[in-house]
Amino acid sequence: MYLVKIYVTYKQSILDPKGEAIHDALHRLGYTNVADVELGKYFEVKLEADEWPIEAEVDEMCDRLLANVNMETYRYEITEMEAL
């Protein structure tokens, strides 16, 4: 079994109004050395896969459902889980 940690964020060219609002609020609270804030989504997916590599399956899940590929980009980490 594999644990896939998926991180989805806006592409650099897309405005992130929530990230900007958090950035501004942090500055108002005195955290003036915060340069940028990006808001995103995080998923943990457990896959019962016997075959490696599973990257193609993870890419397909992200492209079809988890990320809006027109506006967002994603990255992921795959780790093998110990059997119970």
# chains A, B, ... in the order shown; residues from 1 in each chain; ligands from 1
$ residues_around --residues "Met81 in chain A" --least-positions-apart "5" --cutoff "10 Å" --atoms "only C-alpha atoms" --output "PDB file with all heavy atoms, in the first residue's frame"
ATOM      1  N   MET A   1       0.855  -1.180   0.000  1.00  0.00           N
ATOM      2  CA  MET A   1       0.000   0.000   0.000  1.00  0.00           C
ATOM      3  C   MET A   1       0.894   1.234   0.000  1.00  0.00           C
ATOM      4  O   MET A   1       1.959   1.236   0.600  1.00  0.00           O
ATOM      5  CB  MET A   1      -0.915   0.000   1.226  1.00  0.00           C
ATOM      6  CG  MET A   1      -1.894   1.159   1.226  1.00  0.00           C
ATOM      7  SD  MET A   1      -3.108   1.150   2.560  1.00  0.00           S
ATOM      8  CE  MET A   1      -4.107  -0.232   2.097  1.00  0.00           C
ATOM      9  N   TYR A   2       0.422   2.262  -0.672  1.00  0.00           N
ATOM     10  CA  TYR A   2       1.182   3.505  -0.797  1.00  0.00           C
ATOM     11  C   TYR A   2       0.358   4.677  -0.282  1.00  0.00           C
ATOM     12  O   TYR A   2      -0.861   4.705  -0.438  1.00  0.00           O
ATOM     13  CB  TYR A   2       1.555   3.776  -2.258  1.00  0.00           C
ATOM     14  CG  TYR A   2       2.468   2.719  -2.830  1.00  0.00           C
ATOM     15  CD1 TYR A   2       1.948   1.641  -3.537  1.00  0.00           C
ATOM     16  CD2 TYR A   2       3.836   2.806  -2.651  1.00  0.00           C
ATOM     17  CE1 TYR A   2       2.789   0.672  -4.052  1.00  0.00           C
ATOM     18  CE2 TYR A   2       4.683   1.844  -3.173  1.00  0.00           C
ATOM     19  CZ  TYR A   2       4.146   0.779  -3.868  1.00  0.00           C
ATOM     20  OH  TYR A   2       4.979  -0.181  -4.375  1.00  0.00           O
ATOM     21  N   LEU A   3       1.044   5.625   0.327  1.00  0.00           N
ATOM     22  CA  LEU A   3       0.432   6.875   0.748  1.00  0.00           C
ATOM     23  C   LEU A   3       0.920   7.957  -0.204  1.00  0.00           C
ATOM     24  O   LEU A   3       2.126   8.141  -0.387  1.00  0.00           O
ATOM     25  CB  LEU A   3       0.827   7.232   2.185  1.00  0.00           C
ATOM     26  CG  LEU A   3       0.365   8.601   2.675  1.00  0.00           C
ATOM     27  CD1 LEU A   3      -1.165   8.668   2.725  1.00  0.00           C
ATOM     28  CD2 LEU A   3       0.949   8.898   4.043  1.00  0.00           C
ATOM     29  N   VAL A   4      -0.036   8.660  -0.821  1.00  0.00           N
ATOM     30  CA  VAL A   4       0.291   9.730  -1.753  1.00  0.00           C
ATOM     31  C   VAL A   4      -0.173  11.040  -1.131  1.00  0.00           C
ATOM     32  O   VAL A   4      -1.357  11.193  -0.821  1.00  0.00           O
ATOM     33  CB  VAL A   4      -0.387   9.521  -3.120  1.00  0.00           C
ATOM     34  CG1 VAL A   4       0.046  10.604  -4.098  1.00  0.00           C
ATOM     35  CG2 VAL A   4      -0.097   8.140  -3.669  1.00  0.00           C
ATOM     36  N   LYS A  46      -4.603   6.884  -0.164  1.00  0.00           N
ATOM     37  CA  LYS A  46      -3.966   5.587   0.064  1.00  0.00           C
ATOM     38  C   LYS A  46      -4.329   4.681  -1.105  1.00  0.00           C
ATOM     39  O   LYS A  46      -5.500   4.499  -1.420  1.00  0.00           O
ATOM     40  CB  LYS A  46      -4.432   4.983   1.380  1.00  0.00           C
ATOM     41  CG  LYS A  46      -3.955   5.788   2.568  1.00  0.00           C
ATOM     42  CD  LYS A  46      -4.453   5.232   3.877  1.00  0.00           C
ATOM     43  CE  LYS A  46      -3.996   6.146   5.003  1.00  0.00           C
ATOM     44  NZ  LYS A  46      -4.695   5.867   6.245  1.00  0.00           N
ATOM     45  N   LEU A  47      -3.308   4.151  -1.752  1.00  0.00           N
ATOM     46  CA  LEU A  47      -3.503   3.287  -2.914  1.00  0.00           C
ATOM     47  C   LEU A  47      -3.077   1.869  -2.592  1.00  0.00           C
ATOM     48  O   LEU A  47      -1.987   1.645  -2.072  1.00  0.00           O
ATOM     49  CB  LEU A  47      -2.681   3.793  -4.103  1.00  0.00           C
ATOM     50  CG  LEU A  47      -3.090   5.112  -4.715  1.00  0.00           C
ATOM     51  CD1 LEU A  47      -2.108   5.494  -5.824  1.00  0.00           C
ATOM     52  CD2 LEU A  47      -4.485   5.024  -5.276  1.00  0.00           C
ATOM     53  N   GLU A  48      -3.936   0.928  -2.937  1.00  0.00           N
ATOM     54  CA  GLU A  48      -3.588  -0.481  -2.827  1.00  0.00           C
ATOM     55  C   GLU A  48      -3.103  -0.928  -4.197  1.00  0.00           C
ATOM     56  O   GLU A  48      -3.843  -1.491  -4.984  1.00  0.00           O
ATOM     57  CB  GLU A  48      -4.801  -1.292  -2.383  1.00  0.00           C
ATOM     58  CG  GLU A  48      -5.243  -0.982  -0.968  1.00  0.00           C
ATOM     59  CD  GLU A  48      -6.433  -1.802  -0.539  1.00  0.00           C
ATOM     60  OE1 GLU A  48      -7.012  -2.534  -1.367  1.00  0.00           O
ATOM     61  OE2 GLU A  48      -6.815  -1.704   0.633  1.00  0.00           O
TER      62      GLU A  48
END
$ select_by_dssp --residues "chain A" --states "helix (DSSP H, G or I)" --output "list of chain:residue names"
A:Pro17, A:Lys18, A:Gly19, A:Glu20, A:Ala21, A:Ile22, A:His23, A:Asp24, A:Ala25, A:Leu26, A:His27, A:Arg28, A:Glu55, A:Ala56, A:Glu57, A:Val58, A:Asp59, A:Glu60, A:Met61, A:Cys62, A:Asp63, A:Arg64, A:Leu65, A:Leu66
$ write_last_selection --atoms "C-alpha atoms" --output "tab-separated table (two decimals), in the first residue's frame"
chain	number	residue	atom	x	y	z
A	17	PRO	CA	-7.16	36.66	-3.50
A	18	LYS	CA	-7.37	34.53	-0.34
A	19	GLY	CA	-3.59	34.21	-0.19
A	20	GLU	CA	-3.29	38.00	-0.62
A	21	ALA	CA	-5.83	38.59	2.17
A	22	ILE	CA	-3.87	36.32	4.52
A	23	HIS	CA	-0.63	38.05	3.52
A	24	ASP	CA	-2.12	41.47	4.29
A	25	ALA	CA	-3.54	40.28	7.62
A	26	LEU	CA	-0.16	38.86	8.66
A	27	HIS	CA	1.46	42.22	7.87
A	28	ARG	CA	-1.17	44.03	9.95
A	55	GLU	CA	2.80	7.98	-10.95
A	56	ALA	CA	0.65	7.67	-14.10
A	57	GLU	CA	-2.40	6.79	-12.00
A	58	VAL	CA	-1.77	9.67	-9.58
A	59	ASP	CA	-1.28	12.11	-12.47
A	60	GLU	CA	-4.57	10.97	-13.99
A	61	MET	CA	-6.44	11.46	-10.69
A	62	CYS	CA	-5.03	14.96	-10.34
A	63	ASP	CA	-5.71	15.93	-13.95
A	64	ARG	CA	-9.28	14.59	-13.95
A	65	LEU	CA	-10.53	15.57	-10.49
A	66	LEU	CA	-8.21	16.94	-7.82
$ atom_distance --atom1 "CA of Val8 in chain A" --atom2 "CA of Asn70 in chain A"
12.2 Å
$ atom_distance --atom1 "CA of Thr32 in chain A" --atom2 "CA of Glu72 in chain A"
27.3 Å
$ select_by_dssp --residues "range 28-80 of chain A" --states "strand (DSSP E)" --output "ChimeraX atom specification"
/A:40-47,72-80
$ residues_around --residues "Gly40 in chain A" --least-positions-apart "4" --cutoff "8 Å" --atoms "only C-alpha atoms" --output "MDAnalysis selection string"
chainID A and resid 7:10
$ residues_around --residues "Asp16 in chain A" --least-positions-apart "6" --cutoff "9 Å" --atoms "only C-alpha atoms" --output "JSON, numbers by chain"
{"A": [10, 37, 38, 39]}
$ closest_residue --among "A:Thr73, A:Thr79, A:Ala35, A:Ala49" --to "Ser13 in chain A" --atoms "only C-alpha atoms"
A:Thr73
$ atom_distance --atom1 "CA of Lys41 in chain A" --atom2 "CA of Ile78 in chain A"
16.8 Å
$ closest_residue --among "A:Tyr31, A:Glu77, A:Asn68, A:Tyr42" --to "Ile14 in chain A" --atoms "only C-alpha atoms"
A:Asn68
$ decode --residues "range 15-27 of chain A" --atoms "all heavy atoms" --output "CSV table (one decimal), in the first residue's frame"
chain,number,residue,atom,x,y,z
A,15,LEU,N,-4.2,35.0,-10.1
A,15,LEU,CA,-4.4,35.7,-8.8
A,15,LEU,C,-5.0,34.9,-7.7
A,15,LEU,O,-5.9,34.1,-7.9
A,15,LEU,CB,-5.3,36.9,-9.1
A,15,LEU,CG,-5.6,37.9,-7.9
A,15,LEU,CD1,-4.3,38.5,-7.5
A,15,LEU,CD2,-6.7,38.9,-8.3
A,16,ASP,N,-4.4,35.0,-6.5
A,16,ASP,CA,-4.8,34.2,-5.3
A,16,ASP,C,-5.4,35.2,-4.3
A,16,ASP,O,-4.6,35.6,-3.4
A,16,ASP,CB,-3.7,33.4,-4.8
A,16,ASP,CG,-4.0,32.6,-3.6
A,16,ASP,OD1,-5.2,32.6,-3.2
A,16,ASP,OD2,-3.1,31.9,-3.1
A,17,PRO,N,-6.7,35.6,-4.4
A,17,PRO,CA,-7.2,36.7,-3.5
A,17,PRO,C,-7.1,36.2,-2.0
A,17,PRO,O,-6.9,37.1,-1.2
A,17,PRO,CB,-8.6,36.9,-4.0
A,17,PRO,CG,-8.9,35.8,-4.9
A,17,PRO,CD,-7.7,35.2,-5.4
A,18,LYS,N,-7.4,35.0,-1.7
A,18,LYS,CA,-7.4,34.5,-0.3
A,18,LYS,C,-5.9,34.6,0.2
A,18,LYS,O,-5.7,35.0,1.4
A,18,LYS,CB,-8.0,33.1,-0.2
A,18,LYS,CG,-9.5,33.1,-0.4
A,18,LYS,CD,-10.0,31.7,-0.3
A,18,LYS,CE,-11.5,31.7,-0.6
A,18,LYS,NZ,-12.0,30.3,-0.5
A,19,GLY,N,-5.0,34.2,-0.6
A,19,GLY,CA,-3.6,34.2,-0.2
A,19,GLY,C,-3.2,35.7,0.1
A,19,GLY,O,-2.4,35.9,1.0
A,20,GLU,N,-3.6,36.6,-0.8
A,20,GLU,CA,-3.3,38.0,-0.6
A,20,GLU,C,-3.9,38.5,0.7
A,20,GLU,O,-3.3,39.3,1.4
A,20,GLU,CB,-3.8,38.8,-1.8
A,20,GLU,CG,-2.9,38.7,-3.0
A,20,GLU,CD,-1.5,39.2,-2.8
A,20,GLU,OE1,-1.4,40.3,-2.2
A,20,GLU,OE2,-0.5,38.6,-3.3
A,21,ALA,N,-5.2,38.1,1.0
A,21,ALA,CA,-5.8,38.6,2.2
A,21,ALA,C,-5.1,38.1,3.4
A,21,ALA,O,-4.9,38.9,4.4
A,21,ALA,CB,-7.3,38.1,2.2
A,22,ILE,N,-4.6,36.9,3.4
A,22,ILE,CA,-3.9,36.3,4.5
A,22,ILE,C,-2.5,37.0,4.6
A,22,ILE,O,-2.1,37.4,5.8
A,22,ILE,CB,-3.7,34.8,4.3
A,22,ILE,CG1,-5.0,34.1,4.4
A,22,ILE,CG2,-2.7,34.3,5.4
A,22,ILE,CD1,-5.0,32.6,4.0
A,23,HIS,N,-1.9,37.3,3.5
A,23,HIS,CA,-0.6,38.0,3.5
A,23,HIS,C,-0.8,39.4,4.2
A,23,HIS,O,0.0,39.8,5.0
A,23,HIS,CB,-0.1,38.2,2.1
A,23,HIS,CG,1.1,39.0,1.9
A,23,HIS,ND1,1.0,40.3,1.6
A,23,HIS,CD2,2.4,38.7,2.1
A,23,HIS,CE1,2.2,40.8,1.5
A,23,HIS,NE2,3.1,39.9,1.8
A,24,ASP,N,-1.9,40.1,3.7
A,24,ASP,CA,-2.1,41.5,4.3
A,24,ASP,C,-2.4,41.4,5.8
A,24,ASP,O,-2.0,42.3,6.6
A,24,ASP,CB,-3.3,42.1,3.5
A,24,ASP,CG,-2.9,42.4,2.1
A,24,ASP,OD1,-1.7,42.4,1.8
A,24,ASP,OD2,-3.9,42.7,1.3
A,25,ALA,N,-3.2,40.4,6.2
A,25,ALA,CA,-3.5,40.3,7.6
A,25,ALA,C,-2.3,40.0,8.5
A,25,ALA,O,-2.1,40.5,9.6
A,25,ALA,CB,-4.6,39.2,7.8
A,26,LEU,N,-1.4,39.1,7.9
A,26,LEU,CA,-0.2,38.9,8.7
A,26,LEU,C,0.7,40.1,8.8
A,26,LEU,O,1.3,40.4,9.9
A,26,LEU,CB,0.6,37.8,7.9
A,26,LEU,CG,0.1,36.4,8.0
A,26,LEU,CD1,0.8,35.4,7.1
A,26,LEU,CD2,0.1,35.8,9.5
A,27,HIS,N,0.7,40.9,7.8
A,27,HIS,CA,1.5,42.2,7.9
A,27,HIS,C,0.8,43.1,8.9
A,27,HIS,O,1.6,43.8,9.7
A,27,HIS,CB,1.5,42.9,6.5
A,27,HIS,CG,2.7,42.5,5.7
A,27,HIS,ND1,3.6,43.3,5.2
A,27,HIS,CD2,3.0,41.2,5.3
A,27,HIS,CE1,4.5,42.6,4.5
A,27,HIS,NE2,4.2,41.4,4.5
